[in-house]
>>> print(open('run-v9.cif').read())   # mmCIF, C-alpha atoms and all ligand atoms
data_model
#
loop_
_atom_site.label_atom_id
_atom_site.label_comp_id
_atom_site.auth_asym_id
_atom_site.auth_seq_id
_atom_site.Cartn_x
_atom_site.Cartn_y
_atom_site.Cartn_z
CA MET U 217 -50.56 67.76 -85.42
CA SER U 218 -53.12 68.30 -82.67
CA ASN U 219 -53.42 65.47 -80.15
CA GLU U 220 -57.10 65.06 -80.69
CA MET U 221 -58.96 63.47 -83.57
CA MET U 222 -62.56 62.92 -84.57
CA THR U 223 -63.90 59.35 -84.77
CA LEU U 224 -67.17 57.53 -85.42
CA ALA U 225 -67.66 55.28 -82.40
CA LYS U 226 -70.22 52.89 -80.97
CA LEU U 227 -71.02 54.64 -77.72
CA ARG U 228 -74.38 53.22 -76.74
CA PRO U 229 -76.13 49.82 -77.05
CA GLU U 230 -78.77 51.12 -79.47
CA PRO U 231 -78.92 51.92 -83.20
CA GLY U 232 -76.49 54.58 -84.36
CA LEU U 233 -72.89 55.72 -84.35
CA TRP U 234 -71.61 58.84 -82.72
CA MET U 235 -68.92 61.41 -83.51
CA ASP U 236 -66.49 61.09 -80.64
CA PRO U 237 -63.22 62.96 -80.10
CA ARG U 238 -60.31 60.71 -79.09
CA PRO U 239 -56.58 61.13 -78.55
CA VAL U 240 -54.56 60.39 -81.70
CA PRO U 241 -53.29 56.80 -81.18
CA GLU U 242 -49.70 56.28 -80.07
CA ILE U 243 -47.87 53.81 -82.23
CA GLY U 244 -45.58 50.98 -81.23
CA PRO U 245 -42.20 50.19 -82.80
CA ASP U 246 -43.71 47.96 -85.51
CA ASP U 247 -46.69 50.20 -86.35
CA VAL U 248 -47.41 53.11 -88.62
CA LEU U 249 -49.82 56.00 -88.12
CA ILE U 250 -52.11 56.60 -91.10
CA ARG U 251 -53.98 59.84 -91.75
CA ILE U 252 -57.32 58.65 -93.12
CA ARG U 253 -58.60 60.30 -96.29
CA LYS U 254 -61.52 58.10 -97.41
CA THR U 255 -63.43 55.24 -95.84
CA GLY U 256 -66.03 52.82 -97.18
CA ILE U 257 -69.18 51.83 -95.30
CA CYS U 258 -69.48 48.03 -95.15
CA GLY U 259 -72.43 45.75 -94.40
CA THR U 260 -70.55 44.94 -91.18
CA ASP U 261 -70.75 48.61 -90.17
CA ILE U 262 -74.51 48.48 -90.78
CA HIS U 263 -74.78 45.50 -88.40
CA ILE U 264 -72.86 47.53 -85.83
CA TRP U 265 -75.00 50.60 -86.46
CA ASN U 266 -78.19 48.52 -86.08
CA TRP U 267 -76.78 46.80 -82.96
CA ASP U 268 -78.19 43.41 -83.96
CA ASP U 269 -77.50 40.21 -82.00
CA TRP U 270 -74.19 39.61 -83.73
CA ALA U 271 -72.97 43.14 -83.04
CA ALA U 272 -74.09 43.12 -79.41
CA ARG U 273 -72.26 39.80 -78.92
CA THR U 274 -69.10 40.82 -80.74
CA VAL U 275 -68.38 44.53 -80.58
CA PRO U 276 -67.20 46.25 -77.36
CA LEU U 277 -68.99 49.50 -76.53
CA GLY U 278 -66.76 52.51 -77.09
CA LEU U 279 -65.17 50.95 -80.18
CA VAL U 280 -64.06 53.19 -83.04
CA THR U 281 -65.71 51.47 -86.02
CA GLY U 282 -64.72 51.06 -89.70
CA HIS U 283 -62.25 48.88 -91.57
CA GLU U 284 -62.35 50.04 -95.22
CA PHE U 285 -59.92 52.90 -95.74
CA ALA U 286 -57.31 54.71 -97.76
CA GLY U 287 -54.92 57.30 -96.38
CA GLU U 288 -51.36 58.43 -96.04
CA ILE U 289 -48.59 57.35 -93.67
CA VAL U 290 -47.67 60.19 -91.30
CA GLU U 291 -45.51 58.39 -88.72
CA LEU U 292 -43.32 55.28 -88.69
CA GLY U 293 -42.47 53.08 -85.70
CA ARG U 294 -38.72 52.74 -85.11
CA ASN U 295 -38.50 49.17 -86.46
CA VAL U 296 -40.44 49.88 -89.65
CA GLU U 297 -38.54 49.42 -92.88
CA GLY U 298 -39.57 49.76 -96.51
CA LEU U 299 -42.34 52.31 -95.95
CA SER U 300 -42.07 56.07 -95.87
CA ILE U 301 -43.85 59.16 -94.59
CA GLY U 302 -46.26 60.44 -97.25
CA GLN U 303 -46.79 56.96 -98.75
CA ARG U 304 -50.43 56.54 -99.83
CA CYS U 305 -51.84 53.25 -98.66
CA SER U 306 -54.75 51.03 -97.81
CA GLY U 307 -54.35 48.01 -95.58
CA GLU U 308 -55.54 44.65 -94.39
CA GLY U 309 -57.94 45.10 -91.48
CA HIS U 310 -57.43 41.61 -90.08
CA LEU U 311 -54.74 41.68 -87.40
CA ILE U 312 -53.21 38.25 -87.37
CA GLY U 313 -51.16 36.36 -84.84
CA LYS U 314 -47.80 34.92 -85.82
CA THR U 315 -47.77 31.76 -83.73
CA SER U 316 -50.53 29.54 -85.12
CA ARG U 317 -49.69 26.65 -87.39
CA GLN U 318 -51.50 28.41 -90.27
CA SER U 319 -49.60 31.68 -89.84
CA ARG U 320 -46.28 29.89 -89.57
CA ALA U 321 -47.15 28.14 -92.84
CA GLY U 322 -47.72 31.55 -94.44
CA LYS U 323 -51.51 31.10 -94.62
CA PHE U 324 -52.14 34.31 -92.73
CA HIS U 325 -55.81 34.55 -93.70
CA LEU U 326 -56.48 31.25 -91.92
CA ASP U 327 -55.04 32.32 -88.57
CA PRO U 328 -57.64 31.46 -85.92
CA ALA U 329 -56.45 34.27 -83.62
CA THR U 330 -57.38 36.99 -86.13
CA ARG U 331 -58.82 40.23 -84.76
CA GLY U 332 -60.56 42.81 -86.93
CA ILE U 333 -60.10 46.56 -86.81
CA GLY U 334 -63.46 48.27 -86.43
CA VAL U 335 -64.91 45.04 -85.00
CA ASN U 336 -62.65 43.92 -82.13
CA GLU U 337 -59.95 46.62 -82.26
CA GLN U 338 -60.01 50.40 -82.79
CA GLY U 339 -61.01 51.05 -86.36
CA ALA U 340 -60.55 53.31 -89.35
CA PHE U 341 -63.53 55.65 -89.00
CA ALA U 342 -61.14 58.17 -87.49
CA GLN U 343 -58.81 60.88 -88.64
CA TYR U 344 -55.86 58.66 -87.69
CA LEU U 345 -55.41 54.90 -87.58
CA ARG U 346 -52.65 52.91 -85.92
CA LEU U 347 -51.85 49.83 -87.99
CA PRO U 348 -49.05 47.24 -87.89
CA ALA U 349 -46.67 48.04 -90.75
CA PHE U 350 -47.11 44.40 -91.80
CA ASN U 351 -50.76 45.17 -92.69
CA VAL U 352 -50.03 48.21 -94.86
CA VAL U 353 -50.67 47.89 -98.60
CA PRO U 354 -49.08 50.76 -100.57
CA LEU U 355 -51.24 52.22 -103.32
CA PRO U 356 -49.83 52.87 -106.79
CA ASP U 357 -50.65 56.28 -108.34
CA GLU U 358 -53.23 54.68 -110.66
CA ILE U 359 -55.42 53.73 -107.68
CA ASP U 360 -56.97 56.84 -106.16
CA ASP U 361 -58.21 57.19 -102.59
CA GLU U 362 -61.86 56.28 -103.17
CA ILE U 363 -60.91 53.05 -104.93
CA GLY U 364 -58.29 52.50 -102.21
CA ALA U 365 -61.12 52.77 -99.68
CA ILE U 366 -63.07 49.89 -101.23
CA LEU U 367 -60.21 47.43 -101.70
CA ASP U 368 -61.36 45.50 -98.64
CA PRO U 369 -64.71 44.44 -100.19
CA LEU U 370 -63.14 44.22 -103.64
CA GLY U 371 -60.74 41.79 -101.98
CA ASN U 372 -63.70 39.67 -100.80
CA ALA U 373 -64.97 39.67 -104.38
CA VAL U 374 -61.58 38.81 -105.86
CA HIS U 375 -60.85 36.10 -103.31
CA THR U 376 -64.24 34.49 -104.04
CA ALA U 377 -63.99 34.90 -107.82
CA LEU U 378 -60.49 33.44 -107.98
CA SER U 379 -61.45 30.42 -105.87
CA PHE U 380 -62.11 28.43 -109.05
CA ASP U 381 -60.92 28.67 -112.65
CA LEU U 382 -63.40 30.90 -114.51
CA VAL U 383 -61.85 30.99 -117.95
CA GLY U 384 -64.53 30.11 -120.50
CA GLU U 385 -66.93 29.03 -117.75
CA ASP U 386 -70.57 29.96 -117.20
CA VAL U 387 -70.81 31.74 -113.86
CA LEU U 388 -73.81 32.34 -111.62
CA ILE U 389 -73.64 34.94 -108.86
CA THR U 390 -76.53 35.15 -106.40
CA GLY U 391 -76.83 38.54 -104.70
CA ALA U 392 -76.07 41.84 -106.47
CA GLY U 393 -74.84 43.68 -103.40
CA PRO U 394 -71.61 45.64 -103.82
CA ILE U 395 -69.52 42.48 -103.40
CA GLY U 396 -71.58 40.37 -105.82
CA ILE U 397 -71.40 43.15 -108.41
CA MET U 398 -67.64 43.49 -108.06
CA ALA U 399 -67.24 39.70 -108.26
CA ALA U 400 -69.20 39.81 -111.51
CA ALA U 401 -66.84 42.45 -112.87
CA VAL U 402 -63.86 40.28 -111.88
CA ALA U 403 -65.39 37.18 -113.52
CA ARG U 404 -65.78 39.17 -116.73
CA HIS U 405 -62.26 40.54 -116.48
CA VAL U 406 -60.65 37.12 -116.10
CA GLY U 407 -62.52 35.57 -119.03
CA ALA U 408 -65.72 33.82 -117.98
CA ARG U 409 -68.19 33.16 -120.83
CA HIS U 410 -71.61 34.05 -119.39
CA VAL U 411 -71.85 35.91 -116.10
CA VAL U 412 -75.39 35.86 -114.71
CA ILE U 413 -76.15 37.77 -111.51
CA THR U 414 -79.39 37.45 -109.56
CA ASP U 415 -81.16 39.59 -106.99
CA VAL U 416 -84.68 40.53 -105.99
CA ASN U 417 -83.89 44.26 -105.80
CA PRO U 418 -84.22 45.95 -109.23
CA ASP U 419 -81.98 48.90 -108.23
CA ARG U 420 -79.14 46.55 -107.43
CA LEU U 421 -79.57 44.65 -110.72
CA ALA U 422 -79.56 47.91 -112.68
CA LEU U 423 -76.34 48.90 -110.93
CA ALA U 424 -74.77 45.51 -111.73
CA ALA U 425 -75.46 46.02 -115.43
CA GLU U 426 -73.86 49.47 -115.25
CA VAL U 427 -70.71 48.25 -113.55
CA ALA U 428 -70.02 45.19 -115.70
CA ASP U 429 -71.08 43.38 -118.85
CA VAL U 430 -73.29 40.87 -117.04
CA ILE U 431 -76.77 39.42 -117.35
CA PRO U 432 -78.94 40.65 -114.47
CA VAL U 433 -81.86 38.43 -113.50
CA ASN U 434 -84.60 39.41 -111.07
CA VAL U 435 -85.49 36.02 -109.62
CA ALA U 436 -88.67 37.44 -108.11
CA GLN U 437 -89.93 37.90 -111.67
CA GLU U 438 -87.97 35.68 -114.01
CA ASP U 439 -87.17 31.99 -113.97
CA LEU U 440 -83.45 31.21 -114.06
CA LYS U 441 -84.15 28.23 -116.33
CA SER U 442 -85.52 30.50 -119.06
CA VAL U 443 -82.32 32.55 -118.87
CA GLU U 444 -80.28 29.38 -119.30
CA SER U 445 -82.18 28.43 -122.44
CA ARG U 446 -81.91 32.00 -123.77
CA LEU U 447 -78.12 31.69 -123.37
CA LYS U 448 -78.17 28.23 -125.00
CA MET U 449 -76.69 26.68 -121.88
CA SER U 450 -77.57 23.00 -121.89
CA GLN U 451 -76.28 21.68 -118.57
CA GLY U 452 -76.19 24.49 -116.04
CA PHE U 453 -73.61 26.80 -114.50
CA ASP U 454 -70.04 25.63 -114.02
CA VAL U 455 -69.16 27.95 -111.16
CA GLY U 456 -71.40 29.62 -108.58
CA MET U 457 -70.66 32.43 -106.14
CA GLU U 458 -73.20 32.78 -103.35
CA MET U 459 -73.15 36.42 -102.24
CA SER U 460 -76.59 37.04 -100.77
CA GLY U 461 -76.59 35.07 -97.52
CA ASN U 462 -80.10 33.98 -98.48
CA GLN U 463 -81.12 30.31 -98.24
CA ALA U 464 -83.46 30.52 -101.25
CA ALA U 465 -80.58 31.80 -103.38
CA LEU U 466 -78.33 28.90 -102.38
CA ASP U 467 -81.11 26.39 -103.16
CA GLN U 468 -81.62 27.99 -106.54
CA MET U 469 -77.91 27.92 -107.21
CA VAL U 470 -77.56 24.22 -106.38
CA ASP U 471 -80.47 23.57 -108.73
CA ALA U 472 -78.87 25.56 -111.54
CA MET U 473 -75.39 23.99 -111.31
CA VAL U 474 -73.88 21.49 -113.72
CA MET U 475 -72.89 18.02 -112.47
CA GLY U 476 -69.54 18.47 -110.74
CA GLY U 477 -70.06 22.22 -110.41
CA ARG U 478 -68.12 24.34 -107.93
CA ILE U 479 -69.61 26.87 -105.51
CA ALA U 480 -67.72 29.52 -103.57
CA MET U 481 -69.77 30.76 -100.66
CA LEU U 482 -69.12 34.21 -99.24
CA GLY U 483 -72.66 35.18 -98.18
CA ILE U 484 -73.34 34.72 -94.48
CA PRO U 485 -76.74 33.19 -93.69
CA PRO U 486 -78.20 34.80 -90.56
CA GLY U 487 -78.44 31.53 -88.62
CA LYS U 488 -78.78 27.79 -89.17
CA SER U 489 -80.58 27.02 -92.39
CA PRO U 490 -81.93 23.78 -93.85
CA VAL U 491 -79.75 22.46 -96.68
CA ASP U 492 -80.75 19.60 -98.94
CA TRP U 493 -77.38 17.86 -98.87
CA SER U 494 -78.55 14.94 -101.00
CA ARG U 495 -78.83 17.22 -104.03
CA ILE U 496 -75.32 18.47 -103.42
CA VAL U 497 -74.02 14.91 -103.11
CA PHE U 498 -75.85 13.59 -106.18
CA LYS U 499 -74.60 16.52 -108.25
CA ALA U 500 -71.07 15.99 -106.91
CA ILE U 501 -70.81 19.68 -106.10
CA THR U 502 -67.80 21.20 -104.39
CA ILE U 503 -68.57 23.98 -101.90
CA LYS U 504 -65.84 26.26 -100.60
CA GLY U 505 -66.41 28.66 -97.71
CA VAL U 506 -64.68 31.97 -98.31
CA TYR U 507 -63.65 34.28 -95.50
CA GLY U 508 -61.94 37.64 -95.92
CA ARG U 509 -59.16 37.65 -98.45
CA GLU U 510 -55.78 36.02 -98.84
CA ILE U 511 -53.11 38.04 -97.10
CA PHE U 512 -51.49 39.32 -99.28
CA GLU U 513 -51.97 37.39 -102.49
CA THR U 514 -55.52 38.73 -103.07
CA TRP U 515 -54.23 42.29 -102.58
CA TYR U 516 -51.52 41.66 -105.16
CA LYS U 517 -53.95 40.23 -107.71
CA MET U 518 -56.58 42.92 -107.30
CA ILE U 519 -54.09 45.75 -107.61
CA ALA U 520 -52.65 44.07 -110.70
CA MET U 521 -56.14 43.74 -112.23
CA LEU U 522 -57.04 47.36 -111.40
CA GLU U 523 -53.84 48.43 -113.14
CA ASN U 524 -54.83 46.26 -116.09
CA GLY U 525 -58.34 47.52 -116.87
CA LEU U 526 -60.61 46.15 -114.13
CA ASN U 527 -62.97 49.04 -113.44
CA VAL U 528 -65.34 48.97 -110.47
CA ARG U 529 -65.71 52.71 -109.88
CA LYS U 530 -69.41 52.81 -110.70
CA VAL U 531 -70.14 50.55 -107.73
CA ILE U 532 -69.53 53.69 -105.63
CA THR U 533 -72.91 55.42 -105.81
CA HIS U 534 -72.74 57.89 -102.93
CA ARG U 535 -70.03 60.13 -101.51
CA TYR U 536 -70.37 62.22 -98.34
CA LYS U 537 -68.24 64.38 -96.10
CA VAL U 538 -67.82 62.58 -92.79
CA ALA U 539 -69.89 65.31 -91.08
CA ASP U 540 -72.84 63.93 -93.09
CA PHE U 541 -72.20 60.31 -92.11
CA GLN U 542 -75.83 59.89 -90.98
CA GLN U 543 -76.99 60.31 -94.59
CA GLY U 544 -74.40 57.80 -95.76
CA PHE U 545 -75.61 55.18 -93.30
CA GLU U 546 -79.23 55.92 -94.16
CA VAL U 547 -78.74 55.32 -97.86
CA MET U 548 -76.79 52.11 -97.15
CA ARG U 549 -79.55 50.87 -94.85
CA SER U 550 -82.18 51.60 -97.49
CA GLY U 551 -80.63 49.06 -99.91
CA ARG U 552 -80.77 51.69 -102.66
CA SER U 553 -77.02 52.17 -102.92
CA GLY U 554 -73.84 50.52 -104.02
CA LYS U 555 -70.75 51.43 -102.01
CA VAL U 556 -70.90 54.60 -99.94
CA VAL U 557 -67.63 56.46 -99.36
CA LEU U 558 -66.97 59.02 -96.60
CA ASP U 559 -64.43 61.79 -97.06
CA TRP U 560 -62.30 62.62 -93.99
CA ASP U 561 -60.17 65.43 -95.49
P1 LIG P 1 -75.61 43.03 -99.39
O1 LIG P 1 -76.49 42.69 -98.26
O2 LIG P 1 -75.44 44.45 -99.79
O3 LIG P 1 -76.10 42.22 -100.70
C1 LIG P 1 -76.83 41.05 -100.65
C2 LIG P 1 -77.81 41.08 -101.82
O4 LIG P 1 -78.49 39.83 -101.90
C3 LIG P 1 -78.89 42.18 -101.69
O5 LIG P 1 -78.84 43.06 -102.81
C4 LIG P 1 -80.19 41.36 -101.61
O6 LIG P 1 -81.28 42.03 -102.23
C5 LIG P 1 -79.78 40.10 -102.37
N1 LIG P 1 -80.71 38.97 -102.19
C6 LIG P 1 -81.58 38.71 -101.18
N2 LIG P 1 -82.28 37.60 -101.43
C7 LIG P 1 -81.86 37.11 -102.63
C8 LIG P 1 -82.20 35.98 -103.41
N3 LIG P 1 -83.14 35.09 -103.01
N4 LIG P 1 -81.54 35.79 -104.58
C9 LIG P 1 -80.61 36.66 -105.00
N5 LIG P 1 -80.24 37.76 -104.28
C10 LIG P 1 -80.86 37.98 -103.11
O7 LIG P 1 -74.22 42.36 -99.06
P2 LIG P 1 -72.70 42.61 -99.54
O8 LIG P 1 -72.08 43.67 -98.72
O9 LIG P 1 -72.61 42.70 -101.03
O10 LIG P 1 -72.10 41.22 -99.05
C11 LIG P 1 -72.54 40.01 -99.64
C12 LIG P 1 -72.63 38.89 -98.63
O11 LIG P 1 -71.31 38.53 -98.21
C13 LIG P 1 -73.39 39.21 -97.34
O12 LIG P 1 -74.09 38.03 -96.92
C14 LIG P 1 -72.28 39.52 -96.35
O13 LIG P 1 -72.67 39.27 -95.01
C15 LIG P 1 -71.22 38.55 -96.80
N6 LIG P 1 -69.83 38.90 -96.49
C16 LIG P 1 -69.01 37.88 -96.18
C17 LIG P 1 -67.66 38.12 -95.97
C18 LIG P 1 -66.76 36.97 -95.66
O14 LIG P 1 -65.61 37.20 -95.35
N7 LIG P 1 -67.25 35.75 -95.81
C19 LIG P 1 -67.15 39.42 -96.06
C20 LIG P 1 -68.01 40.45 -96.39
C21 LIG P 1 -69.35 40.19 -96.62
ZN ZN P 2 -65.90 45.52 -95.33
#
>>> encode(input="run-v9.cif", output="structure tokens")
Amino acid sequence: MSNEMMTLAKLRPEPGLWMDPRPVPEIGPDDVLIRIRKTGICGTDIHIWNWDDWAARTVPLGLVTGHEFAGEIVELGRNVEGLSIGQRCSGEGHLIGKTSRQSRAGKFHLDPATRGIGVNEQGAFAQYLRLPAFNVVPLPDEIDDEIGAILDPLGNAVHTALSFDLVGEDVLITGAGPIGIMAAAVARHVGARHVVITDVNPDRLALAAEVADVIPVNVAQEDLKSVESRLKMSQGFDVGMEMSGNQAALDQMVDAMVMGGRIAMLGIPPGKSPVDWSRIVFKAITIKGVYGREIFETWYKMIAMLENGLNVRKVITHRYKVADFQQGFEVMRSGRSGKVVLDWD
């Protein structure tokens, strides 16, 4: 193994990412070294590419970006047990502390000291990634590298979708981005009755209908109420998943919910937004904020569902060699893609 590797790093405070050679990371006793095979481009990476206010505030210059990956273990720290060289894996990109009350209670995803690879710590857009062995998730043979590379956002979708019981329920998803589309596929898989997904981008809605048996609704053109009557729904949606980050979508969702409905909210509004709380109170709606995924229960569930017929492959619409990463970021920024996967082999 040569001591140098190629990475995609944030070198300058302006739009873009840059190929940057770095030394292969040295691992500590509790870490593994992973040779990266495929990575997914996330909305977070687009924020970092664009260098918006959030990115400028959060991300240190010089950072190796990326947190969605699949690869193979090539080195084990001396304390590491239960993993082996050659093991194919993905992994949790949130590096958690072990001392908070939440961590000590086993609620790792609620640890306030969490740091993210590719956001606060060196990331996965690199030929090699150092990762605590604790964070490694081995991949079964049925899950290939490109699906392995999108388990992070699939985990967001699964965590959100499993927040409330969906069996036999009518489900509304606002926002047919990659995560909304995968959440729709999960809702179908676990036995929802109607799964309606909204967007204002026709390409995204067409993709949603290809990936899963869902009802796409372009809310720029069609009234959600007419869809409800077409589906013979009399009282509204039982469960909502907000996955657009758009205030208008949340308002529309609250409007379309049944009395006592439940909303899981993953979408991140860009700033403060006006919310009509009285409608939420009078409808007795429960709202749950969803961050990341449960470590490692969501990973367990999503791998089990993928082994049992959940199919989200069509959400990957573009594949590029890492040398062509510029094209991958361009298509993601255009909004005319689903997931974009980069090949590092
Ligand atoms: P995305 O930006 O690709 O998708 C959002 C979609 O919402 C787009 O297709 C957009 O056209 C659509 N949209 C805009 N206005 C709408 C409206 N009024 N009604 C319906 N749809 C509308 O995002 P993504 O990568 O799929 O992620 C979904 C959301 O989840 C984003 O807000 C993202 O920031 C957030 N996110 C949160 C977490 C977390 O841990 N909470 C993790 C990842 C992503
Ligand atoms: Zn991601």
>>> residues_around(input="run-v9.cif", residues="segment 481-494 of chain U", least_positions_apart="6", cutoff="12 Å", atoms="all atoms listed in the file", output="ChimeraX atom specification")
/U:259-260,263,268-270,369,371-377,379-380,388-396,399,455-471,500-509
>>> closest_residue(input="run-v9.cif", among="U:Met521, U:Ala425, U:Ile413, U:Val383", to="ligand LIG 1 (chain P)", atoms="only C-alpha atoms and all ligand atoms")
U:Ile413
>>> axis_aligned_box(input="run-v9.cif", around="segment 542-545 of chain U", padding_each_side="6 Å", output="JSON")
{"center_x": -75.7, "center_y": 57.7, "center_z": -93.4, "size_x": 14.6, "size_y": 17.1, "size_z": 16.8}
>>> closest_residue(input="run-v9.cif", among="U:Ala365, U:Pro348, U:Lys441, U:Asp261", to="ligand LIG 1 (chain P)", atoms="all atoms listed in the file")
U:Asp261
>>> closest_residue(input="run-v9.cif", among="U:Gly244, U:Gly525, U:Gly452, U:Gly554", to="Val474 of chain U", atoms="only C-alpha atoms")
U:Gly452
>>> closest_atom_pairs(input="run-v9.cif", of="chain U", to="ligand ZN 2 (chain P)", cutoff="6 Å", atoms="all atoms listed in the file", output="JSON lines")
{"residue": "U:Cys258", "atom": "CA", "partner": "P:ZN2", "partner_atom": "ZN", "distance": 4.4}
{"residue": "U:Glu284", "atom": "CA", "partner": "P:ZN2", "partner_atom": "ZN", "distance": 5.7}
{"residue": "U:Asp368", "atom": "CA", "partner": "P:ZN2", "partner_atom": "ZN", "distance": 5.6}
{"residue": "U:Pro369", "atom": "CA", "partner": "P:ZN2", "partner_atom": "ZN", "distance": 5.1}
>>> closest_residue(input="run-v9.cif", among="U:Ser306, U:Asn336, U:Ser218, U:Thr223", to="Pro276 of chain U", atoms="only C-alpha atoms")
U:Asn336
>>> closest_residue(input="run-v9.cif", among="U:Val296, U:Ile250, U:Gly334, U:Glu523", to="Lys226 of chain U", atoms="only C-alpha atoms")
U:Gly334
>>> residues_around(input="run-v9.cif", residues="Thr315 of chain U", least_positions_apart="4", cutoff="12 Å", atoms="all atoms listed in the file", output="PDB file with C-alpha atoms, in the coordinates of the input")
ATOM      1  CA  SER U 319     -49.600  31.680 -89.840  1.00  0.00           C
ATOM      2  CA  ARG U 320     -46.280  29.890 -89.570  1.00  0.00           C
ATOM      3  CA  ALA U 321     -47.150  28.140 -92.840  1.00  0.00           C
ATOM      4  CA  GLY U 322     -47.720  31.550 -94.440  1.00  0.00           C
ATOM      5  CA  LYS U 323     -51.510  31.100 -94.620  1.00  0.00           C
ATOM      6  CA  PHE U 324     -52.140  34.310 -92.730  1.00  0.00           C
ATOM      7  CA  LEU U 326     -56.480  31.250 -91.920  1.00  0.00           C
ATOM      8  CA  ASP U 327     -55.040  32.320 -88.570  1.00  0.00           C
ATOM      9  CA  PRO U 328     -57.640  31.460 -85.920  1.00  0.00           C
ATOM     10  CA  ALA U 329     -56.450  34.270 -83.620  1.00  0.00           C
ATOM     11  CA  THR U 330     -57.380  36.990 -86.130  1.00  0.00           C
TER      12      THR U 330
END
>>> atom_distance(input="run-v9.cif", atom1="atom CA of Leu227 of chain U", atom2="atom O9 of ligand LIG 1 (chain P)")
26.2 Å
>>> closest_residue(input="run-v9.cif", among="U:Leu299, U:Leu526, U:Ile333, U:Val531", to="ligand LIG 1 (chain P)", atoms="all atoms listed in the file")
U:Val531
>>> atom_distance(input="run-v9.cif", atom1="atom CA of Pro231 of chain U", atom2="atom CA of Ala340 of chain U")
19.4 Å
>>> residues_around(input="run-v9.cif", residues="Glu297 of chain U", least_positions_apart="6", cutoff="12 Å", atoms="only C-alpha atoms", output="list in words")
Pro245, Asp246, Asp247, Val248, Pro348, Ala349, Phe350 and Val352 of chain U
>>> residues_around(input="run-v9.cif", residues="Val387 of chain U", least_positions_apart="4", cutoff="9 Å", atoms="only C-alpha atoms", output="VMD selection string")
chain U and resid 382 400 403 408 to 413 453 to 457
>>> atom_distance(input="run-v9.cif", atom1="atom CA of Asp236 of chain U", atom2="atom CA of Gly551 of chain U")
26.8 Å
>>> residues_around(input="run-v9.cif", residues="Val547 of chain U", least_positions_apart="2", cutoff="12 Å", atoms="all atoms listed in the file", output="list in words")
Ile257, Gly259, Ile262, Thr533, His534, Arg535, Tyr536, Asp540, Phe541, Gln542, Gln543, Gly544, Phe545, Arg549, Ser550, Gly551, Arg552, Ser553, Gly554, Lys555, Val556 and Val557 of chain U
>>> write_last_selection(input="run-v9.cif", atoms="C-alpha atoms", output="short mmCIF file (atom, residue, chain, number, x, y, z; two decimals), in the frame of the given file")
data_model
loop_
_atom_site.label_atom_id
_atom_site.label_comp_id
_atom_site.auth_asym_id
_atom_site.auth_seq_id
_atom_site.Cartn_x
_atom_site.Cartn_y
_atom_site.Cartn_z
CA ILE U 257 -69.18 51.83 -95.30
CA GLY U 259 -72.43 45.75 -94.40
CA ILE U 262 -74.51 48.48 -90.78
CA THR U 533 -72.91 55.42 -105.81
CA HIS U 534 -72.74 57.89 -102.93
CA ARG U 535 -70.03 60.13 -101.51
CA TYR U 536 -70.37 62.22 -98.34
CA ASP U 540 -72.84 63.93 -93.09
CA PHE U 541 -72.20 60.31 -92.11
CA GLN U 542 -75.83 59.89 -90.98
CA GLN U 543 -76.99 60.31 -94.59
CA GLY U 544 -74.40 57.80 -95.76
CA PHE U 545 -75.61 55.18 -93.30
CA ARG U 549 -79.55 50.87 -94.85
CA SER U 550 -82.18 51.60 -97.49
CA GLY U 551 -80.63 49.06 -99.91
CA ARG U 552 -80.77 51.69 -102.66
CA SER U 553 -77.02 52.17 -102.92
CA GLY U 554 -73.84 50.52 -104.02
CA LYS U 555 -70.75 51.43 -102.01
CA VAL U 556 -70.90 54.60 -99.94
CA VAL U 557 -67.63 56.46 -99.36
#
>>> decode(input="run-v9.cif", residues="segment 436-454 of chain U", atoms="C-alpha atoms", output="PDB file, in the first residue's frame")
ATOM      1  CA  ALA U 436     -47.929  23.017  -7.710  1.00  0.00           C
ATOM      2  CA  GLN U 437     -50.620  21.638 -10.017  1.00  0.00           C
ATOM      3  CA  GLU U 438     -52.954  19.411  -8.047  1.00  0.00           C
ATOM      4  CA  ASP U 439     -54.901  19.934  -4.849  1.00  0.00           C
ATOM      5  CA  LEU U 440     -54.142  17.377  -2.146  1.00  0.00           C
ATOM      6  CA  LYS U 441     -57.821  17.376  -1.140  1.00  0.00           C
ATOM      7  CA  SER U 442     -58.858  16.048  -4.559  1.00  0.00           C
ATOM      8  CA  VAL U 443     -56.351  13.215  -4.138  1.00  0.00           C
ATOM      9  CA  GLU U 444     -57.880  12.380  -0.766  1.00  0.00           C
ATOM     10  CA  SER U 445     -61.362  12.136  -2.253  1.00  0.00           C
ATOM     11  CA  ARG U 446     -60.032  10.074  -5.188  1.00  0.00           C
ATOM     12  CA  LEU U 447     -58.611   7.628  -2.615  1.00  0.00           C
ATOM     13  CA  LYS U 448     -61.901   7.682  -0.657  1.00  0.00           C
ATOM     14  CA  MET U 449     -60.113   8.960   2.427  1.00  0.00           C
ATOM     15  CA  SER U 450     -62.674  10.676   4.609  1.00  0.00           C
ATOM     16  CA  GLN U 451     -60.666  12.150   7.479  1.00  0.00           C
ATOM     17  CA  GLY U 452     -57.120  12.811   6.344  1.00  0.00           C
ATOM     18  CA  PHE U 453     -53.718  11.177   6.675  1.00  0.00           C
ATOM     19  CA  ASP U 454     -52.840   9.192   9.779  1.00  0.00           C
TER      20      ASP U 454
END
